[in-house]
Amino acid sequence: MNNIMTVKDLCLWYGQTQALKNINIDIPEKSITALIGPSGCGKSTFLKTLNRMNDLVQGVKITGEVKYGDMDIFAPDTDVNKLRKEIGMVFQKPNPFPMSIYDNIAYGPRTHGIKNKAKLDEIVENSLRGAAIWDEVKDRLKKSALGMSGGQQQRLCIARALAVEPKILLMDEPTSALDPISTSKIEELASELKEKYTIVIVTHNMQQAVRISDQTAFFLLGDLIEYGNTEKMFATPEDKRTEDYITGRFG
Amino acid sequence: MRSRFDEQLADLNKKLIEMGAMCEECISLAAKALKEGNPGIRWEVEPLDNSLDDLERNVESLCLKLLLQQQPVARDLRQVSTALKMITDIKRIGDQASDVAEIIGFLNGRTSEECEYLDQMATATIKMVTESIDSFVKSDLNLANSIIEYDDVVDEYFNKVKIFLIDLIAKNPKDGEYALDLLMIAKYFERIGDHAVNVAKWVVFSVTGNH
C-alpha cells in the first residue's frame, strides 16, 4: 500500500510545553488509521497538525517534516486552503452551519468557485449519498440543518467534508457525542469511505479502533509508543505501556 | 471496572484449578484401582467425571460472559481464549481417566502388578496435568515448556509397557485379552499426557501470543 502521508521527527510545542516528541508515522492510503491514547497524550494535536489546523493556535512551534504525497506541508509556498481542501476534518461535536442542508454542502464548492446550479445539485447529491444520508434528507434539502438529529448532523458534516473532494478525512472523535445507532452508522460509513479516501481517526473508544481501523497508533505524553496493524496491537501489543493502556490498567 | 475484571479472572483461575484437581483425582483413583485390583472403581470415577463436565460448562459460560462484558484485549484476550480452549482438553482428560476406570472393570480384579511401568506412567501423567494447569495460573512459560518436553517421558513409558505386553502374550497366549486391556489403559494415559501438552501449548500462546 502506498503511503499518502509521511511524518518524520515531528515535534510540536505549545509555548514551553512540548506536546509532540519526534513522531514518525507513515499513513497508508485508502485505509483507516486510528490514534488512541489517554487525554493529553497528543493524539488530537497530531491529527490537527496533518492539515495545519494548529497554525491557528497562538505560540505553537513545529519542527520536523510532514509530507502529503511529495509536498512538504510546512513549506512556505504551501497553499493552506488547498491543503485543507484535500485533507478535510470532521470534529467531535457535529457543527453544521446555521443554514439549509443544501447550503451546508454547497458552501465549500461555492467558495472554491463553483456557481453552476446543476453542478452544485450533483455535488450535493453525491456528497449526501457518500455520507449515507441522502435517503433521509432528500425531501428536505431546503430545511435548516439544525433540525436534524445529532447522528444526522455528523453525517452531514462528513458529507460537507466530502463535497470538496478531499483525499484524506481527519476525524476527531466523530462518534463520542452520538448514540450507539448513529455511532454504528458512522463506523459503517467510515469503512465504506476508505475505498476512496484515507481516514485518520482519533477515538477514545478502543472497540471502535478494533472494529474499523487497519492500523493503530498509541500515543502517551507526546510520544508515539507503538504503531502497527490494529489486530496485532490489540492481540499482542509489543510495548508494556500499550498493553497496560488498552487493557485498562491505567489511563 | 478493572478491579471487577481482575476478580472475574481470579474466579476463572480458581475454577480451572478446581477442574485440574478433579482430573488428578480421577487419574489417581484409576491408577490406585489398577494397582490394587478394584473392578468397581468406575462407579467412583464416573460421578467425578460428570462434575468435571458441569464445571466445564460453567467455565465456558464465564469465559463467554467475560468476552461479552469486558471485551478483553491483549493478554486478557489471550488468557480468556486460552481458558476456553484449555477446558476442552481438561474435559477430555477426565473422559479418558473415566475410560481407564471402565476397562479396569473388565480385568476381573487382576492388577497391573506385573507391569510396574503402568503405575509409573500414571504418576507421570498426573504430574503433567497438575503442572500444565499450574503453568496457566502462574503464566509460567518455563513450566509450560518443561511439560511439553516431559511428554517424551510418558511416551517412553508407553513403549516400555508395549514391549512388556508383547513379551507377556508370547509367554502366556491366554493372557492376550488382559494384555490388550492394559495396552488400552496405557494408550489412554499416553493420550492424557498429550492433552496436558495441548494445555501447556495454549499457555505458551497466552503468555507470548505465539504458538
# chains A, B, ... in the order shown; residues from 1 in each chain; ligands from 1
>>> closest_atom_pairs(of="chain B", to="chain A", cutoff="12 Å", atoms="only C-alpha atoms", output="Markdown table")
| residue | atom | partner | partner_atom | distance |
| --- | --- | --- | --- | --- |
| B:Met1 | CA | A:Gly248 | CA | 8.3 |
| B:Arg2 | CA | A:Gly248 | CA | 6.3 |
| B:Ser3 | CA | A:Arg249 | CA | 9.3 |
| B:Arg4 | CA | A:Gly248 | CA | 11.6 |
| B:Phe5 | CA | A:Gly248 | CA | 9.9 |
| B:Asp6 | CA | A:Arg249 | CA | 10.2 |
| B:Leu68 | CA | A:Gln207 | CA | 12.0 |
| B:Gln70 | CA | A:Thr247 | CA | 9.5 |
| B:Gln71 | CA | A:Gln207 | CA | 7.9 |
| B:Pro72 | CA | A:Thr247 | CA | 6.9 |
| B:Val73 | CA | A:Phe234 | CA | 5.4 |
| B:Ala74 | CA | A:Ala235 | CA | 4.2 |
| B:Arg75 | CA | A:Thr236 | CA | 7.0 |
| B:Asp76 | CA | A:Thr247 | CA | 7.1 |
| B:Leu77 | CA | A:Ala235 | CA | 6.9 |
| B:Arg78 | CA | A:Ala235 | CA | 7.2 |
| B:Gln79 | CA | A:Ala235 | CA | 10.7 |
| B:Val80 | CA | A:Ala235 | CA | 11.8 |
| B:Ser81 | CA | A:Ala235 | CA | 11.0 |
| B:Phe205 | CA | A:Thr236 | CA | 10.1 |
| B:Ser206 | CA | A:Thr236 | CA | 9.6 |
| B:Val207 | CA | A:Thr236 | CA | 9.5 |
| B:Thr208 | CA | A:Thr236 | CA | 7.8 |
| B:Gly209 | CA | A:Thr236 | CA | 5.7 |
| B:Asn210 | CA | A:Thr236 | CA | 8.8 |
>>> select_by_dssp(residues="stretch 22-249 of chain A", states="strand (DSSP E or B)", output="MDAnalysis selection string")
chainID A and resid 22:28 32:36 60:68 71:72 87:90 100 144 168:172 198:202 215:220 223:229
>>> residues_around(residues="A:Ile27", least_positions_apart="5", cutoff="9 Å", atoms="only C-alpha atoms", output="PyMOL selection string")
chain A and resi 2-7+32-33+198+200+215
>>> residues_around(residues="stretch 141-145 of chain A", least_positions_apart="5", cutoff="6 Å", atoms="only C-alpha atoms", output="ChimeraX atom specification")
/A:99-102
>>> write_last_selection(atoms="all heavy atoms", output="PDB file, in the first residue's frame")
ATOM      1  N   MET A  99     -27.672  27.037   8.350  1.00  0.00           N
ATOM      2  CA  MET A  99     -28.285  27.281   7.031  1.00  0.00           C
ATOM      3  C   MET A  99     -28.905  25.970   6.571  1.00  0.00           C
ATOM      4  O   MET A  99     -28.907  24.989   7.330  1.00  0.00           O
ATOM      5  CB  MET A  99     -27.236  27.793   6.043  1.00  0.00           C
ATOM      6  CG  MET A  99     -25.986  26.964   5.975  1.00  0.00           C
ATOM      7  SD  MET A  99     -24.737  27.554   4.809  1.00  0.00           S
ATOM      8  CE  MET A  99     -23.981  28.912   5.632  1.00  0.00           C
ATOM      9  N   SER A 100     -29.445  25.948   5.353  1.00  0.00           N
ATOM     10  CA  SER A 100     -30.144  24.742   4.911  1.00  0.00           C
ATOM     11  C   SER A 100     -29.154  23.597   4.707  1.00  0.00           C
ATOM     12  O   SER A 100     -27.939  23.806   4.578  1.00  0.00           O
ATOM     13  CB  SER A 100     -30.877  25.017   3.597  1.00  0.00           C
ATOM     14  OG  SER A 100     -29.936  25.107   2.547  1.00  0.00           O
ATOM     15  N   ILE A 101     -29.718  22.387   4.658  1.00  0.00           N
ATOM     16  CA  ILE A 101     -28.898  21.199   4.421  1.00  0.00           C
ATOM     17  C   ILE A 101     -28.135  21.376   3.100  1.00  0.00           C
ATOM     18  O   ILE A 101     -26.925  21.163   3.030  1.00  0.00           O
ATOM     19  CB  ILE A 101     -29.807  19.944   4.374  1.00  0.00           C
ATOM     20  CG1 ILE A 101     -30.395  19.705   5.777  1.00  0.00           C
ATOM     21  CG2 ILE A 101     -29.049  18.726   3.883  1.00  0.00           C
ATOM     22  CD1 ILE A 101     -31.476  18.635   5.842  1.00  0.00           C
ATOM     23  N   TYR A 102     -28.866  21.820   2.084  1.00  0.00           N
ATOM     24  CA  TYR A 102     -28.270  22.013   0.759  1.00  0.00           C
ATOM     25  C   TYR A 102     -27.093  22.983   0.833  1.00  0.00           C
ATOM     26  O   TYR A 102     -25.996  22.698   0.349  1.00  0.00           O
ATOM     27  CB  TYR A 102     -29.333  22.544  -0.209  1.00  0.00           C
ATOM     28  CG  TYR A 102     -28.843  22.685  -1.647  1.00  0.00           C
ATOM     29  CD1 TYR A 102     -29.110  21.689  -2.588  1.00  0.00           C
ATOM     30  CD2 TYR A 102     -28.122  23.814  -2.056  1.00  0.00           C
ATOM     31  CE1 TYR A 102     -28.661  21.814  -3.893  1.00  0.00           C
ATOM     32  CE2 TYR A 102     -27.670  23.934  -3.362  1.00  0.00           C
ATOM     33  CZ  TYR A 102     -27.950  22.937  -4.288  1.00  0.00           C
ATOM     34  OH  TYR A 102     -27.509  23.061  -5.579  1.00  0.00           O
TER      35      TYR A 102
END
>>> residues_around(residues="B:Ser132", least_positions_apart="2", cutoff="7 Å", atoms="only C-alpha atoms", output="short mmCIF file (atom, residue, chain, number, x, y, z; two decimals) with all heavy atoms, in the first residue's frame")
data_model
loop_
_atom_site.label_atom_id
_atom_site.label_comp_id
_atom_site.auth_asym_id
_atom_site.auth_seq_id
_atom_site.Cartn_x
_atom_site.Cartn_y
_atom_site.Cartn_z
N MET B 128 2.02 -34.21 34.79
CA MET B 128 1.84 -33.34 33.63
C MET B 128 0.56 -32.51 33.73
O MET B 128 0.54 -31.31 33.44
CB MET B 128 1.80 -34.15 32.33
CG MET B 128 3.16 -34.67 31.90
SD MET B 128 3.06 -35.62 30.37
CE MET B 128 2.96 -34.32 29.15
N VAL B 129 -0.53 -33.18 34.16
CA VAL B 129 -1.81 -32.49 34.25
C VAL B 129 -1.73 -31.37 35.30
O VAL B 129 -2.11 -30.22 35.03
CB VAL B 129 -2.95 -33.49 34.60
CG1 VAL B 129 -4.25 -32.76 34.90
CG2 VAL B 129 -3.14 -34.48 33.46
N THR B 130 -1.22 -31.71 36.47
CA THR B 130 -1.13 -30.72 37.55
C THR B 130 -0.30 -29.52 37.11
O THR B 130 -0.71 -28.36 37.27
CB THR B 130 -0.43 -31.34 38.79
OG1 THR B 130 -1.02 -32.59 39.04
CG2 THR B 130 -0.58 -30.44 40.00
N ASP B 134 -1.10 -25.51 36.53
CA ASP B 134 -0.27 -24.59 37.31
C ASP B 134 0.39 -23.55 36.42
O ASP B 134 0.43 -22.36 36.76
CB ASP B 134 0.86 -25.42 37.96
CG ASP B 134 0.83 -25.29 39.46
OD1 ASP B 134 -0.27 -25.05 39.99
OD2 ASP B 134 1.90 -25.45 40.08
N SER B 135 0.88 -23.99 35.28
CA SER B 135 1.59 -23.07 34.39
C SER B 135 0.64 -22.00 33.86
O SER B 135 1.02 -20.85 33.66
CB SER B 135 2.26 -23.81 33.23
OG SER B 135 1.29 -24.30 32.32
N PHE B 136 -0.65 -22.38 33.67
CA PHE B 136 -1.63 -21.39 33.22
C PHE B 136 -1.89 -20.36 34.32
O PHE B 136 -1.83 -19.15 34.09
CB PHE B 136 -2.95 -22.07 32.83
CG PHE B 136 -4.04 -21.08 32.48
CD1 PHE B 136 -4.06 -20.46 31.24
CD2 PHE B 136 -5.03 -20.76 33.39
CE1 PHE B 136 -5.04 -19.54 30.92
CE2 PHE B 136 -6.03 -19.84 33.08
CZ PHE B 136 -6.03 -19.23 31.84
N ALA B 144 5.49 -24.42 31.38
CA ALA B 144 4.73 -24.92 30.23
C ALA B 144 5.66 -25.64 29.25
O ALA B 144 5.35 -26.74 28.78
CB ALA B 144 4.03 -23.75 29.53
N ILE B 147 6.72 -29.07 30.46
CA ILE B 147 5.68 -30.11 30.31
C ILE B 147 5.69 -30.66 28.88
O ILE B 147 5.56 -31.86 28.66
CB ILE B 147 4.30 -29.52 30.64
CG1 ILE B 147 4.23 -29.16 32.12
CG2 ILE B 147 3.19 -30.51 30.30
CD1 ILE B 147 3.25 -28.06 32.41
N ALA B 196 -2.37 -32.78 28.20
CA ALA B 196 -1.65 -31.86 29.09
C ALA B 196 -0.68 -31.01 28.25
O ALA B 196 -0.50 -29.81 28.51
CB ALA B 196 -0.89 -32.65 30.16
N VAL B 199 -2.63 -28.25 26.68
CA VAL B 199 -2.87 -27.17 27.66
C VAL B 199 -1.61 -26.30 27.76
O VAL B 199 -1.68 -25.07 27.69
CB VAL B 199 -3.24 -27.75 29.04
CG1 VAL B 199 -3.25 -26.66 30.11
CG2 VAL B 199 -4.61 -28.43 28.99
N ALA B 200 -0.46 -26.97 27.88
CA ALA B 200 0.81 -26.22 28.02
C ALA B 200 1.05 -25.35 26.79
O ALA B 200 1.51 -24.21 26.90
CB ALA B 200 1.96 -27.19 28.23
#
>>> residues_around(residues="stretch 7-22 of chain B", least_positions_apart="6", cutoff="7 Å", atoms="only C-alpha atoms", output="list in words")
Leu48, Leu52, Leu55, Val59, Val129, Thr130, Ile133 and Val137 of chain B
>>> atom_distance(atom1="atom CA of A:Glu195", atom2="atom CA of A:Ile168")
11.5 Å
>>> select_by_dssp(residues="stretch 94-201 of chain B", states="alpha helix (DSSP H)", output="NGL selection string")
:B and (94-104 or 116-137 or 141-171 or 176-201)
>>> write_last_selection(atoms="C-alpha atoms", output="PDB file, in the first residue's frame")
ATOM      1  CA  GLY B  94     -11.412 -36.594  32.690  1.00  0.00           C
ATOM      2  CA  ASP B  95     -13.144 -38.666  29.997  1.00  0.00           C
ATOM      3  CA  GLN B  96     -10.042 -40.738  29.449  1.00  0.00           C
ATOM      4  CA  ALA B  97      -9.480 -41.339  33.143  1.00  0.00           C
ATOM      5  CA  SER B  98     -13.085 -42.499  33.206  1.00  0.00           C
ATOM      6  CA  ASP B  99     -12.369 -44.839  30.269  1.00  0.00           C
ATOM      7  CA  VAL B 100      -9.431 -46.309  32.180  1.00  0.00           C
ATOM      8  CA  ALA B 101     -11.729 -46.918  35.168  1.00  0.00           C
ATOM      9  CA  GLU B 102     -14.189 -48.680  32.885  1.00  0.00           C
ATOM     10  CA  ILE B 103     -11.526 -51.017  31.481  1.00  0.00           C
ATOM     11  CA  ILE B 104     -10.360 -51.849  34.999  1.00  0.00           C
ATOM     12  CA  GLU B 116       5.286 -51.749  37.065  1.00  0.00           C
ATOM     13  CA  TYR B 117       5.699 -49.210  34.264  1.00  0.00           C
ATOM     14  CA  LEU B 118       1.958 -48.630  34.082  1.00  0.00           C
ATOM     15  CA  ASP B 119       1.866 -47.267  37.609  1.00  0.00           C
ATOM     16  CA  GLN B 120       4.867 -45.044  36.908  1.00  0.00           C
ATOM     17  CA  MET B 121       3.178 -43.886  33.744  1.00  0.00           C
ATOM     18  CA  ALA B 122       0.071 -42.867  35.712  1.00  0.00           C
ATOM     19  CA  THR B 123       2.213 -40.880  38.147  1.00  0.00           C
ATOM     20  CA  ALA B 124       3.963 -39.157  35.251  1.00  0.00           C
ATOM     21  CA  THR B 125       0.669 -38.150  33.593  1.00  0.00           C
ATOM     22  CA  ILE B 126      -0.731 -36.794  36.863  1.00  0.00           C
ATOM     23  CA  LYS B 127       2.389 -34.644  37.164  1.00  0.00           C
ATOM     24  CA  MET B 128       1.838 -33.337  33.625  1.00  0.00           C
ATOM     25  CA  VAL B 129      -1.812 -32.488  34.253  1.00  0.00           C
ATOM     26  CA  THR B 130      -1.126 -30.719  37.546  1.00  0.00           C
ATOM     27  CA  GLU B 131       1.768 -28.727  36.198  1.00  0.00           C
ATOM     28  CA  SER B 132       0.029 -27.742  32.972  1.00  0.00           C
ATOM     29  CA  ILE B 133      -2.780 -26.062  34.898  1.00  0.00           C
ATOM     30  CA  ASP B 134      -0.265 -24.593  37.311  1.00  0.00           C
ATOM     31  CA  SER B 135       1.593 -23.066  34.387  1.00  0.00           C
ATOM     32  CA  PHE B 136      -1.631 -21.386  33.224  1.00  0.00           C
ATOM     33  CA  VAL B 137      -2.496 -19.985  36.609  1.00  0.00           C
ATOM     34  CA  LEU B 141       6.337 -20.122  30.344  1.00  0.00           C
ATOM     35  CA  ASN B 142       9.239 -22.262  31.598  1.00  0.00           C
ATOM     36  CA  LEU B 143       6.934 -24.681  33.344  1.00  0.00           C
ATOM     37  CA  ALA B 144       4.733 -24.915  30.225  1.00  0.00           C
ATOM     38  CA  ASN B 145       7.768 -25.691  28.061  1.00  0.00           C
ATOM     39  CA  SER B 146       9.042 -28.289  30.510  1.00  0.00           C
ATOM     40  CA  ILE B 147       5.681 -30.105  30.306  1.00  0.00           C
ATOM     41  CA  ILE B 148       5.861 -30.153  26.523  1.00  0.00           C
ATOM     42  CA  GLU B 149       9.282 -31.807  26.826  1.00  0.00           C
ATOM     43  CA  TYR B 150       8.191 -34.168  29.597  1.00  0.00           C
ATOM     44  CA  ASP B 151       5.738 -35.795  27.202  1.00  0.00           C
ATOM     45  CA  ASP B 152       8.704 -37.807  25.884  1.00  0.00           C
ATOM     46  CA  VAL B 153       8.967 -39.490  29.289  1.00  0.00           C
ATOM     47  CA  VAL B 154       5.335 -40.617  29.111  1.00  0.00           C
ATOM     48  CA  ASP B 155       5.793 -41.785  25.515  1.00  0.00           C
ATOM     49  CA  GLU B 156       8.823 -43.768  26.625  1.00  0.00           C
ATOM     50  CA  TYR B 157       6.751 -45.471  29.357  1.00  0.00           C
ATOM     51  CA  PHE B 158       4.165 -46.367  26.740  1.00  0.00           C
ATOM     52  CA  ASN B 159       6.833 -48.094  24.659  1.00  0.00           C
ATOM     53  CA  LYS B 160       8.110 -49.981  27.694  1.00  0.00           C
ATOM     54  CA  VAL B 161       4.590 -51.129  28.561  1.00  0.00           C
ATOM     55  CA  LYS B 162       4.050 -52.228  24.980  1.00  0.00           C
ATOM     56  CA  ILE B 163       7.272 -54.241  24.873  1.00  0.00           C
ATOM     57  CA  PHE B 164       6.420 -55.819  28.228  1.00  0.00           C
ATOM     58  CA  LEU B 165       2.955 -56.796  26.986  1.00  0.00           C
ATOM     59  CA  ILE B 166       4.257 -58.307  23.730  1.00  0.00           C
ATOM     60  CA  ASP B 167       6.541 -60.426  25.845  1.00  0.00           C
ATOM     61  CA  LEU B 168       3.649 -61.347  28.157  1.00  0.00           C
ATOM     62  CA  ILE B 169       1.485 -62.522  25.250  1.00  0.00           C
ATOM     63  CA  ALA B 170       4.380 -64.508  23.820  1.00  0.00           C
ATOM     64  CA  LYS B 171       4.860 -66.284  27.126  1.00  0.00           C
ATOM     65  CA  GLY B 176      -3.966 -61.883  25.386  1.00  0.00           C
ATOM     66  CA  GLU B 177      -7.163 -60.149  26.457  1.00  0.00           C
ATOM     67  CA  TYR B 178      -5.635 -58.964  29.723  1.00  0.00           C
ATOM     68  CA  ALA B 179      -2.622 -57.641  27.837  1.00  0.00           C
ATOM     69  CA  LEU B 180      -4.774 -55.778  25.337  1.00  0.00           C
ATOM     70  CA  ASP B 181      -6.787 -54.169  28.143  1.00  0.00           C
ATOM     71  CA  LEU B 182      -3.570 -52.982  29.764  1.00  0.00           C
ATOM     72  CA  LEU B 183      -2.384 -51.678  26.402  1.00  0.00           C
ATOM     73  CA  MET B 184      -5.611 -49.692  26.051  1.00  0.00           C
ATOM     74  CA  ILE B 185      -5.113 -48.267  29.522  1.00  0.00           C
ATOM     75  CA  ALA B 186      -1.537 -47.313  28.661  1.00  0.00           C
ATOM     76  CA  LYS B 187      -2.785 -45.654  25.493  1.00  0.00           C
ATOM     77  CA  TYR B 188      -5.316 -43.616  27.492  1.00  0.00           C
ATOM     78  CA  PHE B 189      -2.554 -42.477  29.847  1.00  0.00           C
ATOM     79  CA  GLU B 190      -0.469 -41.549  26.852  1.00  0.00           C
ATOM     80  CA  ARG B 191      -3.390 -39.516  25.441  1.00  0.00           C
ATOM     81  CA  ILE B 192      -3.837 -37.771  28.788  1.00  0.00           C
ATOM     82  CA  GLY B 193      -0.201 -36.693  28.501  1.00  0.00           C
ATOM     83  CA  ASP B 194      -0.942 -35.321  25.017  1.00  0.00           C
ATOM     84  CA  HIS B 195      -3.871 -33.271  26.344  1.00  0.00           C
ATOM     85  CA  ALA B 196      -1.647 -31.859  29.087  1.00  0.00           C
ATOM     86  CA  VAL B 197       0.787 -30.885  26.323  1.00  0.00           C
ATOM     87  CA  ASN B 198      -2.061 -29.105  24.497  1.00  0.00           C
ATOM     88  CA  VAL B 199      -2.868 -27.169  27.657  1.00  0.00           C
ATOM     89  CA  ALA B 200       0.806 -26.225  28.017  1.00  0.00           C
ATOM     90  CA  LYS B 201       0.925 -25.081  24.380  1.00  0.00           C
TER      91      LYS B 201
END
>>> atom_distance(atom1="atom CA of A:Ser213", atom2="atom CA of A:Arg84")
22.6 Å
>>> residues_around(residues="A:Pro109", least_positions_apart="6", cutoff="12 Å", atoms="only C-alpha atoms", output="list in words")
Lys85, Tyr102, Asp103, Lys115, Asn116, Lys117, Lys119, Leu120, Asp121, Glu122, Ile123, Val124, Ser127, Ala159, Arg160, Ala161, Leu162, Ala163, Val164, Glu165 and Pro166 of chain A
>>> atom_distance(atom1="atom CA of A:Phe74", atom2="atom CA of A:Asp55")
10.0 Å
>>> closest_residue(among="A:Arg241, A:Lys67, A:Asp172, A:Ser182", to="A:Ala34", atoms="only C-alpha atoms")
A:Asp172
>>> decode(residues="stretch 167-176 of chain B", atoms="all heavy atoms", output="PDB file, in the first residue's frame")
ATOM      1  N   ASP B 167       5.835 -59.313  25.207  1.00  0.00           N
ATOM      2  CA  ASP B 167       6.541 -60.426  25.845  1.00  0.00           C
ATOM      3  C   ASP B 167       5.573 -61.309  26.634  1.00  0.00           C
ATOM      4  O   ASP B 167       5.624 -62.538  26.564  1.00  0.00           O
ATOM      5  CB  ASP B 167       7.609 -59.820  26.772  1.00  0.00           C
ATOM      6  CG  ASP B 167       8.604 -60.847  27.221  1.00  0.00           C
ATOM      7  OD1 ASP B 167       9.032 -61.640  26.349  1.00  0.00           O
ATOM      8  OD2 ASP B 167       8.941 -60.879  28.424  1.00  0.00           O
ATOM      9  N   LEU B 168       4.633 -60.625  27.335  1.00  0.00           N
ATOM     10  CA  LEU B 168       3.649 -61.347  28.157  1.00  0.00           C
ATOM     11  C   LEU B 168       2.783 -62.267  27.288  1.00  0.00           C
ATOM     12  O   LEU B 168       2.558 -63.439  27.626  1.00  0.00           O
ATOM     13  CB  LEU B 168       2.754 -60.346  28.897  1.00  0.00           C
ATOM     14  CG  LEU B 168       1.646 -60.935  29.770  1.00  0.00           C
ATOM     15  CD1 LEU B 168       2.235 -61.509  31.067  1.00  0.00           C
ATOM     16  CD2 LEU B 168       0.605 -59.868  30.130  1.00  0.00           C
ATOM     17  N   ILE B 169       2.337 -61.727  26.144  1.00  0.00           N
ATOM     18  CA  ILE B 169       1.485 -62.522  25.250  1.00  0.00           C
ATOM     19  C   ILE B 169       2.278 -63.710  24.693  1.00  0.00           C
ATOM     20  O   ILE B 169       1.765 -64.836  24.606  1.00  0.00           O
ATOM     21  CB  ILE B 169       0.927 -61.657  24.096  1.00  0.00           C
ATOM     22  CG1 ILE B 169      -0.018 -60.588  24.658  1.00  0.00           C
ATOM     23  CG2 ILE B 169       0.154 -62.530  23.096  1.00  0.00           C
ATOM     24  CD1 ILE B 169      -0.488 -59.570  23.636  1.00  0.00           C
ATOM     25  N   ALA B 170       3.549 -63.433  24.370  1.00  0.00           N
ATOM     26  CA  ALA B 170       4.380 -64.508  23.820  1.00  0.00           C
ATOM     27  C   ALA B 170       4.528 -65.648  24.830  1.00  0.00           C
ATOM     28  O   ALA B 170       4.474 -66.829  24.481  1.00  0.00           O
ATOM     29  CB  ALA B 170       5.747 -63.950  23.431  1.00  0.00           C
ATOM     30  N   LYS B 171       4.660 -65.249  26.100  1.00  0.00           N
ATOM     31  CA  LYS B 171       4.860 -66.284  27.126  1.00  0.00           C
ATOM     32  C   LYS B 171       3.545 -66.952  27.519  1.00  0.00           C
ATOM     33  O   LYS B 171       3.492 -68.155  27.732  1.00  0.00           O
ATOM     34  CB  LYS B 171       5.495 -65.656  28.372  1.00  0.00           C
ATOM     35  CG  LYS B 171       6.978 -65.377  28.186  1.00  0.00           C
ATOM     36  CD  LYS B 171       7.540 -64.743  29.469  1.00  0.00           C
ATOM     37  CE  LYS B 171       8.980 -64.299  29.255  1.00  0.00           C
ATOM     38  NZ  LYS B 171       9.317 -63.183  30.148  1.00  0.00           N
ATOM     39  N   ASN B 172       2.499 -66.182  27.655  1.00  0.00           N
ATOM     40  CA  ASN B 172       1.195 -66.715  28.077  1.00  0.00           C
ATOM     41  C   ASN B 172       0.105 -66.295  27.106  1.00  0.00           C
ATOM     42  O   ASN B 172      -0.595 -65.303  27.353  1.00  0.00           O
ATOM     43  CB  ASN B 172       0.797 -66.203  29.463  1.00  0.00           C
ATOM     44  CG  ASN B 172       1.846 -66.456  30.501  1.00  0.00           C
ATOM     45  OD1 ASN B 172       2.224 -67.597  30.727  1.00  0.00           O
ATOM     46  ND2 ASN B 172       2.331 -65.383  31.105  1.00  0.00           N
ATOM     47  N   PRO B 173      -0.047 -66.998  26.004  1.00  0.00           N
ATOM     48  CA  PRO B 173      -1.027 -66.575  24.987  1.00  0.00           C
ATOM     49  C   PRO B 173      -2.426 -66.393  25.568  1.00  0.00           C
ATOM     50  O   PRO B 173      -3.185 -65.562  25.093  1.00  0.00           O
ATOM     51  CB  PRO B 173      -0.996 -67.708  23.964  1.00  0.00           C
ATOM     52  CG  PRO B 173       0.321 -68.362  24.161  1.00  0.00           C
ATOM     53  CD  PRO B 173       0.664 -68.219  25.600  1.00  0.00           C
ATOM     54  N   LYS B 174      -2.770 -67.087  26.623  1.00  0.00           N
ATOM     55  CA  LYS B 174      -4.133 -66.943  27.152  1.00  0.00           C
ATOM     56  C   LYS B 174      -4.325 -65.603  27.886  1.00  0.00           C
ATOM     57  O   LYS B 174      -5.449 -65.229  28.219  1.00  0.00           O
ATOM     58  CB  LYS B 174      -4.502 -68.131  28.042  1.00  0.00           C
ATOM     59  CG  LYS B 174      -3.680 -68.297  29.286  1.00  0.00           C
ATOM     60  CD  LYS B 174      -4.240 -69.480  30.081  1.00  0.00           C
ATOM     61  CE  LYS B 174      -3.584 -69.775  31.420  1.00  0.00           C
ATOM     62  NZ  LYS B 174      -2.389 -69.127  31.798  1.00  0.00           N
ATOM     63  N   ASP B 175      -3.226 -64.902  28.127  1.00  0.00           N
ATOM     64  CA  ASP B 175      -3.314 -63.564  28.737  1.00  0.00           C
ATOM     65  C   ASP B 175      -3.538 -62.462  27.697  1.00  0.00           C
ATOM     66  O   ASP B 175      -3.458 -61.275  28.018  1.00  0.00           O
ATOM     67  CB  ASP B 175      -2.021 -63.237  29.507  1.00  0.00           C
ATOM     68  CG  ASP B 175      -2.097 -63.738  30.947  1.00  0.00           C
ATOM     69  OD1 ASP B 175      -3.221 -64.090  31.371  1.00  0.00           O
ATOM     70  OD2 ASP B 175      -1.057 -63.781  31.609  1.00  0.00           O
ATOM     71  N   GLY B 176      -3.825 -62.861  26.475  1.00  0.00           N
ATOM     72  CA  GLY B 176      -3.966 -61.883  25.386  1.00  0.00           C
ATOM     73  C   GLY B 176      -4.952 -60.763  25.706  1.00  0.00           C
ATOM     74  O   GLY B 176      -4.653 -59.586  25.535  1.00  0.00           O
TER      75      GLY B 176
END
